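Shown next: upload_19.cif, containing mmCIF, C-alpha atoms and all ligand atoms.
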data_entry
#
loop_
_atom_site.label_atom_id
_atom_site.label_comp_id
_atom_site.auth_asym_id
_atom_site.auth_seq_id
_atom_site.Cartn_x
_atom_site.Cartn_y
_atom_site.Cartn_z
CA MET A 26 0.00 0.00 0.00
CA ALA A 27 1.60 3.27 -1.08
CA MET A 28 1.79 6.03 1.47
CA PRO A 29 3.92 9.13 1.90
CA ALA A 30 7.35 8.26 3.13
CA GLN A 31 7.13 10.55 6.13
CA ALA A 32 3.84 8.98 7.17
CA ALA A 33 5.11 5.47 6.58
CA ALA A 34 8.18 5.85 8.74
CA LEU A 35 7.08 5.58 12.32
CA ALA A 36 8.58 8.01 14.79
CA GLU A 37 11.32 6.35 16.76
CA THR A 38 10.75 8.39 19.89
CA GLY A 39 7.51 6.76 20.98
CA ALA A 40 6.36 5.92 24.45
CA PRO A 41 8.48 3.43 26.36
CA GLY A 42 7.29 -0.08 25.64
CA ASN A 43 6.45 0.68 22.02
CA MET A 44 10.03 0.74 20.84
CA GLY A 45 9.98 -2.90 19.79
CA ASP A 46 6.89 -2.38 17.66
CA VAL A 47 8.29 0.77 16.09
CA ARG A 48 11.56 -0.90 15.24
CA ARG A 49 9.77 -3.93 13.76
CA SER A 50 7.61 -1.64 11.62
CA ASN A 51 10.62 0.30 10.40
CA LEU A 52 12.50 -2.94 9.75
CA ALA A 53 9.59 -4.02 7.53
CA LEU A 54 9.61 -0.61 5.84
CA VAL A 55 13.30 -0.93 4.92
CA MET A 56 12.91 -4.57 3.90
CA GLY A 57 9.92 -3.69 1.71
CA ARG A 58 11.81 -0.86 0.07
CA ILE A 59 14.69 -3.18 -0.84
CA ALA A 60 12.33 -5.99 -1.93
CA ARG A 61 10.38 -3.73 -4.31
CA GLN A 62 13.42 -2.75 -6.32
CA PRO A 63 13.44 -4.10 -9.87
CA ALA A 64 16.01 -6.81 -10.51
CA GLY A 65 19.46 -5.36 -11.03
CA VAL A 66 18.74 -2.06 -9.23
CA HIS A 67 20.50 -1.86 -5.90
CA LEU A 68 19.54 0.83 -3.42
CA THR A 69 22.10 2.36 -1.12
CA ARG A 70 21.39 3.12 2.52
CA ALA A 71 21.12 6.79 1.53
CA HIS A 72 18.45 5.97 -1.06
CA VAL A 73 16.52 3.93 1.46
CA ALA A 74 16.65 6.81 3.96
CA ALA A 75 15.55 9.34 1.35
CA THR A 76 12.59 7.26 0.20
CA THR A 77 11.35 6.06 3.59
CA GLY A 78 11.73 9.22 5.65
CA LEU A 79 13.92 7.41 8.17
CA THR A 80 17.21 8.91 9.31
CA LYS A 81 20.40 7.55 7.78
CA ALA A 82 21.50 6.38 11.22
CA SER A 83 18.26 4.44 11.65
CA VAL A 84 18.53 2.90 8.21
CA SER A 85 22.11 1.83 8.88
CA SER A 86 21.06 0.12 12.10
CA LEU A 87 18.07 -1.58 10.47
CA VAL A 88 20.15 -2.74 7.51
CA VAL A 89 22.61 -4.37 9.92
CA ALA A 90 19.68 -6.31 11.37
CA LEU A 91 18.55 -7.43 7.91
CA LEU A 92 22.11 -8.43 7.01
CA ASP A 93 22.39 -10.40 10.26
CA ALA A 94 19.08 -12.15 9.51
CA GLY A 95 20.42 -13.07 6.07
CA LEU A 96 17.56 -11.39 4.25
CA VAL A 97 19.61 -8.85 2.29
CA ARG A 98 23.18 -8.62 1.18
CA GLU A 99 25.57 -5.91 0.11
CA THR A 100 26.47 -5.79 -3.54
CA GLY A 101 29.62 -3.74 -3.63
CA LEU A 102 29.92 -0.15 -4.71
CA ASN A 103 26.92 1.46 -6.34
CA PRO A 104 27.91 4.44 -8.52
CA GLN A 105 24.63 6.19 -7.66
CA GLY A 106 25.56 6.84 -4.05
CA GLU A 107 24.85 10.07 -2.31
CA ARG A 108 26.47 13.27 -3.62
CA GLY A 109 28.17 11.40 -6.42
CA ARG A 110 30.16 9.26 -4.06
CA PRO A 111 29.80 5.54 -4.52
CA GLY A 112 27.70 3.74 -1.91
CA VAL A 113 27.21 0.09 -1.06
CA GLY A 114 24.20 -1.38 -2.87
CA LEU A 115 21.66 -3.60 -1.15
CA GLU A 116 19.63 -6.46 -2.59
CA LEU A 117 17.59 -9.45 -1.44
CA ASN A 118 19.89 -12.27 -0.42
CA PRO A 119 19.88 -14.87 -3.23
CA ALA A 120 21.08 -17.48 -0.72
CA ARG A 121 17.69 -17.50 1.05
CA ALA A 122 14.67 -19.20 -0.48
CA VAL A 123 11.19 -20.52 0.24
CA MET A 124 9.60 -23.87 -0.63
CA GLY A 125 6.20 -23.93 -2.31
CA MET A 126 4.38 -27.27 -2.17
CA GLU A 127 1.15 -28.67 -3.53
CA ILE A 128 -0.93 -31.74 -2.82
CA ASN A 129 -3.51 -32.31 -5.52
CA VAL A 130 -5.75 -35.22 -6.36
CA ASP A 131 -3.41 -36.89 -8.81
CA TYR A 132 -0.02 -35.37 -8.11
CA ILE A 133 2.24 -33.80 -5.52
CA ALA A 134 4.67 -31.01 -6.34
CA ALA A 135 7.37 -28.93 -4.68
CA GLY A 136 9.36 -25.95 -5.87
CA VAL A 137 11.96 -23.56 -4.51
CA THR A 138 11.74 -19.81 -5.14
CA ASP A 139 14.16 -17.09 -4.18
CA LEU A 140 12.95 -14.06 -2.22
CA SER A 141 12.11 -12.21 -5.42
CA GLY A 142 9.76 -15.04 -6.45
CA THR A 143 11.88 -16.62 -9.17
CA LEU A 144 11.34 -20.37 -9.41
CA LEU A 145 14.72 -22.07 -9.00
CA LEU A 146 13.78 -25.75 -8.70
CA ARG A 147 10.58 -27.74 -9.20
CA GLU A 148 9.61 -31.40 -9.08
CA VAL A 149 6.22 -32.98 -9.76
CA ARG A 150 5.27 -36.57 -8.94
CA GLU A 151 2.07 -38.03 -10.33
CA ARG A 152 0.35 -39.87 -7.50
CA ASP A 153 -3.22 -41.05 -6.95
CA ASN A 154 -4.33 -39.26 -3.79
CA ARG A 155 -8.04 -39.97 -4.12
CA ASP A 156 -9.55 -41.09 -0.82
CA SER A 157 -6.07 -41.29 0.62
CA GLU A 158 -4.71 -41.42 4.14
CA PRO A 159 -3.12 -38.01 4.80
CA GLY A 160 -0.02 -39.44 6.52
CA PRO A 161 1.53 -41.23 3.52
CA VAL A 162 0.72 -38.30 1.20
CA VAL A 163 2.43 -35.83 3.53
CA ALA A 164 5.36 -38.25 3.90
CA ALA A 165 5.74 -38.53 0.12
CA LEU A 166 5.68 -34.75 -0.21
CA ALA A 167 8.17 -34.39 2.65
CA ALA A 168 10.53 -36.74 0.80
CA LEU A 169 10.16 -34.69 -2.38
CA ALA A 170 10.77 -31.46 -0.46
CA ALA A 171 13.79 -32.99 1.25
CA SER A 172 15.36 -33.86 -2.09
CA LEU A 173 14.91 -30.27 -3.25
CA CYS A 174 16.38 -29.01 0.03
CA VAL A 175 19.47 -31.11 -0.61
CA GLU A 176 19.79 -29.66 -4.10
CA ALA A 177 19.28 -26.12 -2.78
CA THR A 178 21.85 -26.65 -0.04
CA GLY A 179 24.29 -27.82 -2.68
CA ARG A 180 23.86 -24.44 -4.33
CA GLY A 181 24.45 -22.66 -1.03
CA ILE A 182 20.77 -21.79 -0.60
CA GLN A 183 18.91 -22.06 2.72
CA ILE A 184 15.17 -22.72 2.73
CA VAL A 185 13.69 -20.49 5.45
CA GLY A 186 10.08 -21.63 5.26
CA GLY A 187 7.35 -22.89 3.04
CA GLY A 188 3.74 -22.88 1.93
CA LEU A 189 1.49 -25.82 1.12
CA ALA A 190 -1.51 -25.60 -1.22
CA VAL A 191 -4.28 -28.20 -1.06
CA PRO A 192 -7.49 -28.47 -3.09
CA GLY A 193 -10.00 -27.80 -0.37
CA LEU A 194 -11.19 -25.55 2.41
CA VAL A 195 -8.49 -24.94 4.98
CA ASP A 196 -8.07 -23.42 8.42
CA PRO A 197 -4.48 -22.10 8.30
CA ALA A 198 -4.43 -21.11 11.97
CA ARG A 199 -5.02 -24.75 12.98
CA SER A 200 -3.04 -26.30 10.09
CA MET A 201 -6.22 -28.14 9.24
CA VAL A 202 -7.89 -29.22 6.02
CA LEU A 203 -11.57 -28.67 6.75
CA ALA A 204 -12.84 -30.35 3.61
CA ALA A 205 -11.01 -31.61 0.54
CA PRO A 206 -13.66 -34.01 -0.78
CA ASN A 207 -11.67 -35.25 -3.77
CA LEU A 208 -8.87 -36.30 -1.42
CA GLY A 209 -11.42 -37.73 1.00
CA TRP A 210 -10.07 -35.45 3.76
CA GLU A 211 -12.46 -33.85 6.21
CA GLY A 212 -11.31 -32.16 9.41
CA VAL A 213 -7.77 -33.41 8.89
CA PRO A 214 -4.93 -31.78 10.88
CA LEU A 215 -1.71 -31.84 8.89
CA ASP A 216 1.78 -32.25 10.32
CA LEU A 217 3.14 -29.28 8.37
CA ALA A 218 6.38 -29.17 10.33
CA ALA A 219 7.24 -32.60 8.90
CA LEU A 220 7.40 -31.07 5.42
CA LEU A 221 10.35 -28.81 6.23
CA PRO A 222 11.92 -30.02 9.48
CA GLY A 223 13.86 -27.31 11.25
CA SER A 224 12.98 -24.46 8.89
CA PRO A 225 12.84 -21.17 10.83
CA LEU A 226 9.43 -20.09 9.55
CA GLY A 227 7.71 -23.47 9.28
CA VAL A 228 5.03 -24.17 6.67
CA ALA A 229 1.82 -22.20 6.05
CA LEU A 230 -1.35 -23.75 4.61
CA PHE A 231 -3.33 -22.41 1.62
CA ASN A 232 -6.28 -23.29 -0.59
CA GLU A 233 -4.92 -24.32 -3.98
CA ALA A 234 -7.00 -22.00 -6.17
CA ASN A 235 -6.41 -19.05 -3.86
CA ALA A 236 -2.67 -19.67 -3.96
CA ALA A 237 -2.72 -19.91 -7.76
CA ALA A 238 -4.73 -16.66 -7.94
CA LEU A 239 -2.08 -14.95 -5.81
CA ALA A 240 0.58 -16.04 -8.27
CA GLU A 241 -1.41 -14.50 -11.14
CA ILE A 242 -1.72 -11.07 -9.52
CA ALA A 243 1.82 -9.97 -10.24
CA ARG A 244 1.59 -11.16 -13.82
CA ARG A 245 -1.64 -9.46 -14.90
CA PRO A 246 -1.51 -6.57 -17.35
CA ALA A 247 -1.35 -3.12 -15.77
CA GLY A 248 -4.77 -2.00 -14.56
CA ASP A 249 -6.22 -5.50 -14.46
CA ALA A 250 -6.51 -5.82 -10.71
CA ASP A 251 -9.95 -7.46 -10.55
CA PHE A 252 -10.38 -10.98 -11.82
CA LEU A 253 -11.68 -14.42 -11.04
CA PHE A 254 -9.13 -17.22 -11.35
CA VAL A 255 -10.70 -20.59 -12.14
CA SER A 256 -8.60 -23.65 -11.46
CA GLY A 257 -9.45 -26.81 -13.38
CA GLU A 258 -8.25 -30.00 -11.73
CA VAL A 259 -10.26 -33.04 -10.63
CA GLY A 260 -12.05 -30.44 -8.55
CA VAL A 261 -12.76 -26.95 -9.79
CA GLY A 262 -11.51 -24.15 -7.56
CA GLY A 263 -11.70 -20.39 -7.71
CA GLY A 264 -9.77 -17.40 -6.42
CA LEU A 265 -11.43 -13.99 -6.41
CA VAL A 266 -9.05 -11.04 -6.73
CA ILE A 267 -10.34 -7.51 -6.09
CA GLY A 268 -8.04 -4.51 -6.16
CA ALA A 269 -5.02 -6.81 -6.58
CA GLU A 270 -5.85 -8.48 -3.26
CA LEU A 271 -7.29 -11.94 -2.76
CA PHE A 272 -10.84 -11.75 -1.43
CA THR A 273 -11.44 -14.78 0.75
CA GLY A 274 -14.43 -13.75 2.83
CA PRO A 275 -14.68 -13.96 6.62
CA ALA A 276 -13.96 -17.69 6.85
CA GLY A 277 -11.63 -17.77 3.85
CA HIS A 278 -13.98 -19.68 1.59
CA ALA A 279 -15.03 -17.09 -1.00
CA GLY A 280 -14.56 -17.72 -4.72
CA GLU A 281 -15.72 -21.36 -4.74
CA VAL A 282 -16.96 -21.15 -8.31
CA GLY A 283 -16.59 -24.93 -8.72
CA HIS A 284 -19.62 -25.38 -6.50
CA VAL A 285 -21.90 -22.93 -8.25
CA VAL A 286 -24.87 -25.00 -9.43
CA VAL A 287 -25.10 -25.32 -13.20
CA ASP A 288 -27.47 -28.29 -13.41
CA PRO A 289 -30.00 -28.49 -10.55
CA GLY A 290 -31.16 -31.91 -11.73
CA GLY A 291 -27.63 -33.16 -12.22
CA THR A 292 -25.38 -35.56 -10.42
CA ARG A 293 -24.18 -35.53 -6.84
CA CYS A 294 -21.08 -33.44 -6.23
CA SER A 295 -18.10 -34.28 -4.00
CA CYS A 296 -19.20 -31.38 -1.75
CA GLY A 297 -22.51 -33.08 -1.00
CA GLY A 298 -24.47 -30.75 -3.25
CA THR A 299 -25.97 -31.54 -6.63
CA GLY A 300 -25.16 -30.35 -10.13
CA CYS A 301 -22.18 -28.15 -9.23
CA LEU A 302 -19.89 -26.90 -12.01
CA GLU A 303 -17.32 -29.49 -10.91
CA THR A 304 -19.69 -32.35 -11.80
CA VAL A 305 -19.70 -31.22 -15.43
CA ALA A 306 -16.41 -29.40 -15.98
CA GLY A 307 -14.04 -31.08 -13.52
CA GLN A 308 -11.25 -33.05 -15.12
CA ASP A 309 -12.65 -36.48 -14.25
CA ALA A 310 -16.17 -35.41 -15.31
CA ILE A 311 -14.86 -34.47 -18.75
CA PHE A 312 -12.85 -37.69 -19.07
CA ALA A 313 -15.93 -39.71 -18.11
CA ALA A 314 -18.21 -37.87 -20.54
CA ALA A 315 -15.63 -38.35 -23.28
CA GLY A 316 -15.66 -42.11 -22.69
CA MET A 317 -12.21 -42.14 -21.07
CA ALA A 318 -13.22 -43.07 -17.52
CA GLY A 319 -11.40 -45.88 -15.79
CA LEU A 320 -8.36 -45.81 -18.03
CA PRO A 321 -5.25 -46.62 -15.99
CA VAL A 322 -3.39 -43.53 -17.08
CA THR A 323 -1.84 -40.55 -15.39
CA ARG A 324 -3.35 -37.09 -15.54
CA SER A 325 -0.86 -35.85 -18.12
CA ALA A 326 -1.40 -38.94 -20.28
CA ALA A 327 -5.18 -38.61 -20.02
CA LEU A 328 -5.07 -34.94 -20.97
CA ALA A 329 -2.81 -35.75 -23.92
CA ALA A 330 -5.24 -38.48 -25.02
CA LEU A 331 -8.16 -36.08 -24.73
CA LEU A 332 -6.36 -33.44 -26.83
CA SER A 333 -5.55 -36.08 -29.41
CA ALA A 334 -9.20 -37.18 -29.54
CA LEU A 335 -10.32 -33.56 -29.91
CA ASP A 336 -7.80 -33.03 -32.71
CA SER A 337 -9.04 -36.07 -34.58
CA GLY A 338 -12.65 -34.90 -34.31
CA ASP A 339 -13.83 -37.55 -31.86
CA PRO A 340 -17.51 -36.63 -31.31
CA GLY A 341 -17.61 -37.87 -27.71
CA ALA A 342 -14.55 -35.83 -26.71
CA ARG A 343 -15.83 -32.73 -28.47
CA ALA A 344 -19.28 -33.03 -26.89
CA ALA A 345 -17.76 -33.47 -23.42
CA VAL A 346 -15.57 -30.37 -23.71
CA ASP A 347 -18.38 -28.39 -25.34
CA ARG A 348 -20.68 -29.23 -22.42
CA ALA A 349 -17.97 -28.32 -19.91
CA GLY A 350 -17.41 -24.98 -21.66
CA ARG A 351 -21.10 -24.13 -21.64
CA ALA A 352 -21.41 -25.08 -17.97
CA LEU A 353 -18.38 -22.99 -17.11
CA GLY A 354 -20.06 -20.09 -18.91
CA VAL A 355 -23.22 -20.51 -16.81
CA ALA A 356 -21.22 -20.47 -13.57
CA LEU A 357 -19.06 -17.52 -14.60
CA ALA A 358 -22.05 -15.52 -15.85
CA SER A 359 -23.83 -15.96 -12.51
CA THR A 360 -20.69 -15.23 -10.50
CA ALA A 361 -19.84 -12.12 -12.52
CA ARG A 362 -23.32 -10.72 -11.87
CA VAL A 363 -22.83 -11.05 -8.12
CA VAL A 364 -19.28 -9.82 -7.68
CA ASN A 365 -18.96 -7.49 -10.67
CA VAL A 366 -15.72 -9.02 -11.92
CA GLY A 367 -15.43 -8.98 -15.67
CA SER A 368 -12.05 -10.56 -16.16
CA VAL A 369 -11.55 -14.32 -15.95
CA VAL A 370 -8.27 -16.25 -15.85
CA LEU A 371 -8.42 -19.96 -16.66
CA GLY A 372 -5.94 -22.39 -15.10
CA GLY A 373 -5.33 -26.13 -14.98
CA HIS A 374 -7.10 -28.19 -17.64
CA PHE A 375 -9.24 -25.19 -18.61
CA ALA A 376 -6.05 -23.53 -19.86
CA VAL A 377 -4.88 -26.71 -21.58
CA LEU A 378 -8.26 -27.07 -23.32
CA ASP A 379 -8.65 -23.35 -24.09
CA GLN A 380 -8.63 -23.87 -27.86
CA TRP A 381 -11.63 -26.20 -27.59
CA LEU A 382 -13.36 -24.69 -24.59
CA ARG A 383 -13.30 -21.03 -25.62
CA ALA A 384 -16.08 -20.99 -28.23
CA PRO A 385 -18.77 -22.74 -26.15
CA LEU A 386 -17.68 -20.78 -23.08
CA LEU A 387 -17.96 -17.41 -24.84
CA ALA A 388 -21.30 -18.39 -26.39
CA SER A 389 -22.60 -19.36 -22.96
CA LEU A 390 -21.34 -16.13 -21.37
CA GLU A 391 -23.02 -14.11 -24.08
CA LYS A 392 -26.26 -16.02 -23.59
CA TYR A 393 -26.40 -15.75 -19.80
CA ALA A 394 -24.56 -12.47 -19.22
CA PRO A 395 -25.00 -10.56 -22.47
CA GLY A 396 -22.52 -7.75 -22.98
CA LYS A 397 -20.62 -8.50 -19.76
CA PHE A 398 -17.59 -10.17 -21.32
CA THR A 399 -15.43 -9.47 -24.33
CA PRO A 400 -13.22 -12.30 -25.60
CA GLY A 401 -10.20 -10.31 -24.39
CA GLN A 402 -11.45 -10.54 -20.81
CA LEU A 403 -11.15 -14.30 -20.93
CA THR A 404 -7.48 -15.25 -20.64
CA VAL A 405 -5.45 -18.27 -19.62
CA THR A 406 -2.99 -18.45 -16.76
CA ALA A 407 0.28 -16.55 -17.22
CA VAL A 408 1.92 -18.74 -14.58
CA GLY A 409 0.89 -22.20 -15.67
CA ASP A 410 1.04 -25.39 -13.68
CA PRO A 411 3.38 -24.15 -10.92
CA GLY A 412 0.82 -21.46 -9.98
CA ALA A 413 -0.37 -22.95 -6.70
CA LEU A 414 3.07 -23.64 -5.30
CA LEU A 415 4.40 -20.30 -6.56
CA GLY A 416 1.51 -18.49 -4.92
CA ALA A 417 1.98 -20.34 -1.65
CA ALA A 418 5.72 -19.59 -1.66
CA GLY A 419 5.12 -15.98 -2.68
CA SER A 420 2.69 -15.47 0.15
CA VAL A 421 5.26 -16.72 2.63
CA VAL A 422 7.84 -14.31 1.18
CA ARG A 423 5.34 -11.47 1.43
CA SER A 424 4.74 -12.30 5.09
CA LEU A 425 8.50 -12.28 5.63
CA VAL A 426 8.92 -8.91 3.93
CA GLU A 427 6.15 -7.52 6.11
CA ALA A 428 7.68 -9.03 9.26
CA PRO A 429 11.43 -9.55 8.70
CA HIS A 430 12.01 -9.68 12.45
CA LEU A 431 10.70 -13.27 12.28
CA LEU A 432 14.10 -14.31 10.94
CA GLN A 433 16.17 -12.27 13.35
CA ALA A 434 18.50 -14.24 15.53
ZN ZN A 501 -20.16 -29.12 -5.23
#
Go ahead and express the file in the form of structure tokens.
Amino acid sequence: MAMPAQAAALAETGAPGNMGDVRRSNLALVMGRIARQPAGVHLTRAHVAATTGLTKASVSSLVVALLDAGLVRETGLNPQGERGRPGVGLELNPARAVMGMEINVDYIAAGVTDLSGTLLLREVRERDNRDSEPGPVVAALAALAASLCVEATGRGIQIVGGGLAVPGLVDPARSMVLAAPNLGWEGVPLDLAALLPGSPLGVALFNEANAAALAEIARRPAGDADFLFVSGEVGVGGGLVIGAELFTGPAGHAGEVGHVVVDPGGTRCSCGGTGCLETVAGQDAIFAAAGMAGLPVTRSAALAALLSALDSGDPGARAAVDRAGRALGVALASTARVVNVGSVVLGGHFAVLDQWLRAPLLASLEKYAPGKFTPGQLTVTAVGDPGALLGAAGSVVRSLVEAPHLLQA
């Protein structure tokens, strides 16, 4: 949130007892200033002081704390120092990183990002997690994360914390999955610490579509700060972004477009409802309607087979995707009426199937919400498959930038 530098910098002569809070706020202010610099631009302490309203002495002291915490590093002489004299540049420490992780219905994934959000390492394992016991799934993900930690350590990089995205409703404060029906998890507490043993910040828990929506925010065109991200997996998730901030509602469950009813007389949904979008446009629903149900194939192989069938003009495959596109249009038209969001970003299999899905989807939108959408307002993910883990990792980094004292010794 932009604010005048003088207002942003808290006075350092507050009442006794508030000094810790003031210093933590100013530490976050300096950290945020350094973190917002474009890649390759290195602020000096003098620049930080000038743009935050803090004194140079304060900035020097705060920078020492950030250096000690390993969050920033000095980059040698910067020719743009004060009064023409060279100063020492500051940048985010590339030797600190965060682990993003995802458990989905038919795969697990982990990835390492640096503090500027660049994905350094990523591994995906296809795995059938339907109606699974949480323990073995978490153990498999922990093993995957551990292998990435070893690789990161070999590069001199320390993982300071992580974020886990799961396809369901979560209670982050209790590390609990409230309901992830496609995993068969209800009221399941997760041993998040087991995913990154010993990491200073631990592991935070996120809804998968919300995490993926967060990853999209930074990659939207300028001025496009309001959109609905729709995640197509076995389940269908949604992340509602308003004013470049994720809107989750009071209990964190807003944006569940996958459970908007599109066929009141339809089939039972994993959520217990009937005729939700997911029952028509979810990945397994499309495979089943296309006559591909029960094939012993992985998700990537099944999607490839579906694309091949579509390419060859298979009528069953085309009808299944056409129906999914029209149902998606019904759900999006209704949702857009309620929340006044005109821009839609498609992820997961909706992005993969965009070529085939787009025409029925646009026709449906025009039928049920005439004039609300132009084709240009319907885009596919700019992040792609790593979206959920990137968003989870990015959210952890953002928390760290806002509270760098968490890593202070
Ligand atoms: Zn449902």
Contacts of segment 287-379 of chain A with segment 230-242 of chain A up to 10 Å, shortest pair per row, all atoms listed in the file, as CSV:
residue,atom,partner,partner_atom,distance
A:Val370,CA,A:Glu241,CA,8.5
A:Gly372,CA,A:Ala237,CA,8.4
A:Gly373,CA,A:Ala234,CA,9.9
Dump C-alpha atoms for the selected residues as a PDB file, keeping the file's coordinate frame?
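What follows is the written file again-v2.pdb:
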ATOM      1  CA  VAL A 370      -8.270 -16.250 -15.850  1.00  0.00           C
ATOM      2  CA  GLY A 372      -5.940 -22.390 -15.100  1.00  0.00           C
ATOM      3  CA  GLY A 373      -5.330 -26.130 -14.980  1.00  0.00           C
TER       4      GLY A 373
END
Exercise. Neighbours of ligand ZN 501 (chain A) within 12 Å, counting only C-alpha atoms and all ligand atoms, as an MDAnalysis selection string?
Worked result: chainID A and resid 193 204:207 259:262 281:289 291:307
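You can rank A:Thr399, A:Ser389, A:Thr178, A:Ser368 by their closest distance to Ala352 of chain A using only C-alpha atoms, and at the top of that list sits A:Ser389.
The residue that comes closest to Asn118 of chain A, out of A:Ala315, A:Ala394, A:Ile184, A:Leu265 and on the basis of only C-alpha atoms, is A:Ile184.
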Exercise. Near segment 146-156 of chain A, within 6 Å and counting all atoms listed in the file, which residues show up once chain neighbours fewer than 4 positions away are dropped, as a ChimeraX atom specification?
Worked result: /A:130-137,207-209
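Of the listed residues (A:Val195, A:Pro222, A:Ala342, A:Val363), A:Ala342 comes nearest to Ala327 of chain A; the distances count all atoms listed in the file.
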For this session: Mind giving me the straight-line distance from atom CA of Glu176 of chain A to atom CA of Val408 of chain A in Å, one decimal?
Result: 23.4 Å
Exercise. From the list A:Leu221, A:Ala165, A:Ala190, A:Ala349, which residue is nearest Val202 of chain A when using all atoms listed in the file?
Worked result: A:Ala190
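Between atom CA of Leu145 of chain A and atom CA of Ala177 of chain A lies a distance of 8.7 Å.
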